[in-house]
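Have a look at data-v5.cif; it's mmCIF, C-alpha atoms:
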```cif
data_start
loop_
_atom_site.label_atom_id
_atom_site.label_comp_id
_atom_site.auth_asym_id
_atom_site.auth_seq_id
_atom_site.Cartn_x
_atom_site.Cartn_y
_atom_site.Cartn_z
CA MET A 69 73.97 68.66 10.06
CA ALA A 70 73.85 72.06 8.32
CA GLY A 71 77.61 72.49 8.58
CA VAL A 72 78.54 69.05 7.26
CA GLY A 73 80.93 69.28 4.32
CA ARG A 74 81.37 73.04 4.60
CA ARG A 75 84.63 74.85 5.17
CA SER A 76 85.37 77.84 7.30
CA ILE A 77 88.27 80.20 6.88
CA ALA A 78 90.06 81.72 9.85
CA LEU A 79 91.23 85.19 8.84
CA PRO A 80 93.89 86.70 11.09
CA GLY A 81 93.39 90.34 12.07
CA ILE A 82 89.87 90.84 10.71
CA SER A 83 87.77 90.36 13.84
CA ASN A 84 88.43 93.83 15.26
CA CYS A 85 87.87 95.91 12.12
CA LYS A 86 85.86 99.12 12.16
CA GLN A 87 82.12 98.69 11.80
CA ALA A 88 80.23 100.03 8.80
CA ASN A 89 78.30 103.29 8.88
CA LYS A 90 74.55 103.21 9.39
CA GLY A 91 72.78 101.86 6.32
CA HIS A 92 75.80 99.81 5.19
CA PHE A 93 77.32 96.38 5.82
CA VAL A 94 80.82 94.96 5.48
CA VAL A 95 81.83 92.00 3.33
CA TYR A 96 85.20 90.63 2.29
CA SER A 97 86.34 89.18 -1.00
CA THR A 98 88.31 85.94 -1.07
CA ASP A 99 91.52 87.96 -1.35
CA LEU A 100 90.53 89.73 1.92
CA ARG A 101 89.65 93.11 0.47
CA ARG A 102 87.10 94.89 2.64
CA PHE A 103 83.97 96.35 1.01
CA VAL A 104 81.39 98.59 2.68
CA ILE A 105 78.14 98.01 0.81
CA PRO A 106 74.84 99.96 1.08
CA LEU A 107 72.00 97.89 2.56
CA ALA A 108 69.90 98.71 -0.51
CA TYR A 109 72.15 96.36 -2.53
CA LEU A 110 70.69 93.42 -0.59
CA HIS A 111 67.59 93.75 -2.76
CA THR A 112 69.50 93.05 -5.98
CA ASN A 113 69.54 89.59 -7.53
CA ILE A 114 73.31 89.76 -7.95
CA PHE A 115 74.01 90.26 -4.25
CA ARG A 116 71.37 87.70 -3.25
CA GLU A 117 73.12 85.15 -5.46
CA LEU A 118 76.54 86.06 -4.03
CA PHE A 119 75.20 85.54 -0.50
CA GLU A 120 73.69 82.17 -1.45
CA MET A 121 77.00 81.12 -3.01
CA SER A 122 78.84 82.31 0.11
CA GLU A 123 76.56 80.25 2.33
CA GLU A 124 77.15 77.17 0.16
CA GLU A 125 80.93 77.69 0.19
CA PHE A 126 81.53 78.76 3.81
CA GLY A 127 78.26 78.26 5.71
CA LEU A 128 76.65 81.00 7.77
CA PRO A 129 79.22 83.06 9.70
CA THR A 130 78.63 83.01 13.44
CA ASP A 131 81.41 85.20 14.77
CA GLY A 132 83.50 86.04 11.73
CA PRO A 133 83.24 88.21 8.66
CA ILE A 134 81.01 87.59 5.65
CA ILE A 135 83.19 86.43 2.78
CA LEU A 136 81.74 86.54 -0.71
CA PRO A 137 83.05 83.82 -3.03
CA CYS A 138 84.79 86.10 -5.52
CA ASN A 139 87.95 88.15 -5.71
CA ALA A 140 88.07 91.92 -5.27
CA ALA A 141 88.19 92.68 -9.00
CA PHE A 142 84.97 90.75 -9.65
CA LEU A 143 83.25 92.30 -6.62
CA GLU A 144 84.24 95.79 -7.82
CA TYR A 145 82.67 94.90 -11.18
CA VAL A 146 79.46 93.72 -9.50
CA ILE A 147 79.27 96.96 -7.51
CA TYR A 148 79.77 98.95 -10.72
CA ILE A 149 76.95 97.00 -12.39
CA VAL A 150 74.60 97.66 -9.46
CA GLN A 151 75.49 101.38 -9.41
CA ASN A 152 75.10 101.71 -13.19
CA PRO A 153 72.12 99.53 -14.06
CA ALA A 154 72.61 97.37 -17.12
CA SER A 155 70.05 95.74 -19.37
CA LYS A 156 68.02 92.86 -17.94
CA ASN A 157 69.60 90.50 -20.48
CA PHE A 158 73.08 91.46 -19.31
CA LEU A 159 72.14 90.97 -15.65
CA LYS A 160 70.68 87.54 -16.45
CA ALA A 161 73.87 86.61 -18.31
CA LEU A 162 76.01 87.74 -15.36
CA LEU A 163 73.90 85.70 -12.93
CA VAL A 164 74.18 82.63 -15.16
CA PHE A 165 77.95 83.14 -15.31
CA MET A 166 78.19 83.47 -11.52
CA VAL A 167 76.15 80.33 -10.89
CA SER A 168 77.85 78.24 -13.58
CA SER A 169 81.44 79.22 -12.71
CA LYS A 170 81.15 78.33 -8.99
CA CYS A 171 84.90 78.11 -8.60
CA SER A 172 86.15 77.37 -5.13
CA ALA A 173 86.63 80.60 -3.21
CA ALA A 174 89.06 78.95 -0.83
CA ALA A 175 91.20 77.73 -3.71
CA SER A 176 91.28 81.14 -5.41
CA TYR A 177 92.14 82.72 -2.07
CA ARG A 178 95.14 80.41 -1.67
CA LEU A 179 96.39 81.35 -5.13
CA ILE A 180 96.19 85.10 -4.45
CA SER A 181 96.90 85.61 -0.76
CA PRO A 182 100.43 85.96 0.63
CA SER A 183 99.21 85.51 4.23
CA PRO A 184 98.34 82.11 5.71
CA ILE A 185 94.76 80.92 6.19
CA THR A 186 93.37 77.92 7.96
CA ILE A 187 90.70 75.83 6.27
CA HIS A 188 88.61 73.51 8.44
CA ASN A 189 86.58 70.69 6.91
CA PHE A 190 83.44 69.81 8.85
CA SER A 191 82.71 66.50 7.19
#
```

Write the structure described by the file as structure tokens, please.
Amino acid sequence: MAGVGRRSIALPGISNCKQANKGHFVVYSTDLRRFVIPLAYLHTNIFRELFEMSEEEFGLPTDGPIILPCNAAFLEYVIYIVQNPASKNFLKALLVFMVSSKCSAAASYRLISPSPITIHNFS
């Protein structure tokens, strides 16, 4: 029942990518840009929210990559914010923006990507 109504994206050529160095993990943006992120970022509210949004959008990955529901430009901005801490009010505003925008990652991927993807509905 957990997968009902969720979509998965089959991404050609990603399954055999190089693993991350120790202390890091790999995620992809919706436009398939690869990011190697320090594990310490998992403790930030911004990344926790991105992972929750990813789970809602795509479900939990079993044998594929983790795709965060944002494009590369937004993910670069999030990484910049985490590396250069901003005020608590700014971080709260960014989190509110992320939660309220909730645009479909699959739809934004289709608009940006020149390569084909396959979307499966499990409903």

Original post:
Nearest to Leu110 of chain A: which of A:Ala88, A:Leu128, A:Val95, A:Leu159 is it, counting all atoms listed in the file?
Top reply: A:Val95

**OP:** Give me, please, the distance in Å between atom CA of Glu120 of chain A and atom CA of Val167 of chain A, quoted to one decimal.
**Re:**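 Separation of atom CA of Glu120 of chain A and atom CA of Val167 of chain A: 9.9 Å.
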
Subject >> Length of the atom CA of Phe158 of chain A to atom CA of Glu144 of chain A vector [Å] >> reply: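 Atom CA of Phe158 of chain A sits 16.6 Å away from atom CA of Glu144 of chain A.
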
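Near Leu118 of chain A, within 9 Å and counting all atoms listed in the file, sit Asn113, Glu123, Leu136, Pro137, Cys138, Met166 and Val167 of chain A, not including residues fewer than 5 positions from it in the same chain.
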
Original post:
So which one's closest to Arg101 of chain A, A:Ala140, A:Ile114, A:Ile149, A:Ile134? Using only C-alpha atoms, please.
Top reply: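 Smallest distance to Arg101 of chain A is found for A:Ala140.
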
Original post:
Mind listing as a list in words all residues within 12 Å of (71.6, 91.8, -6.5), counting all atoms listed in the file?
Top reply: Ile105, Pro106, Leu107, Ala108, Tyr109, Leu110, His111, Thr112, Asn113, Ile114, Phe115, Arg116, Glu117, Leu118, Phe119, Glu120, Leu143, Val146, Ile147, Tyr148, Ile149, Val150, Gln151, Pro153, Leu159, Lys160, Leu162, Leu163 and Met166 of chain A

Original post:
In Å to one decimal, how far is atom CA of Tyr145 of chain A from atom CA of Val104 of chain A?
Top reply: 14.4 Å

**OP:** Just say which residues the PyMOL selection byres ((chain A and resi 139) around 6) picks in this file, as a ChimeraX atom specification.
**Re:** /A:97-99,138,140-142
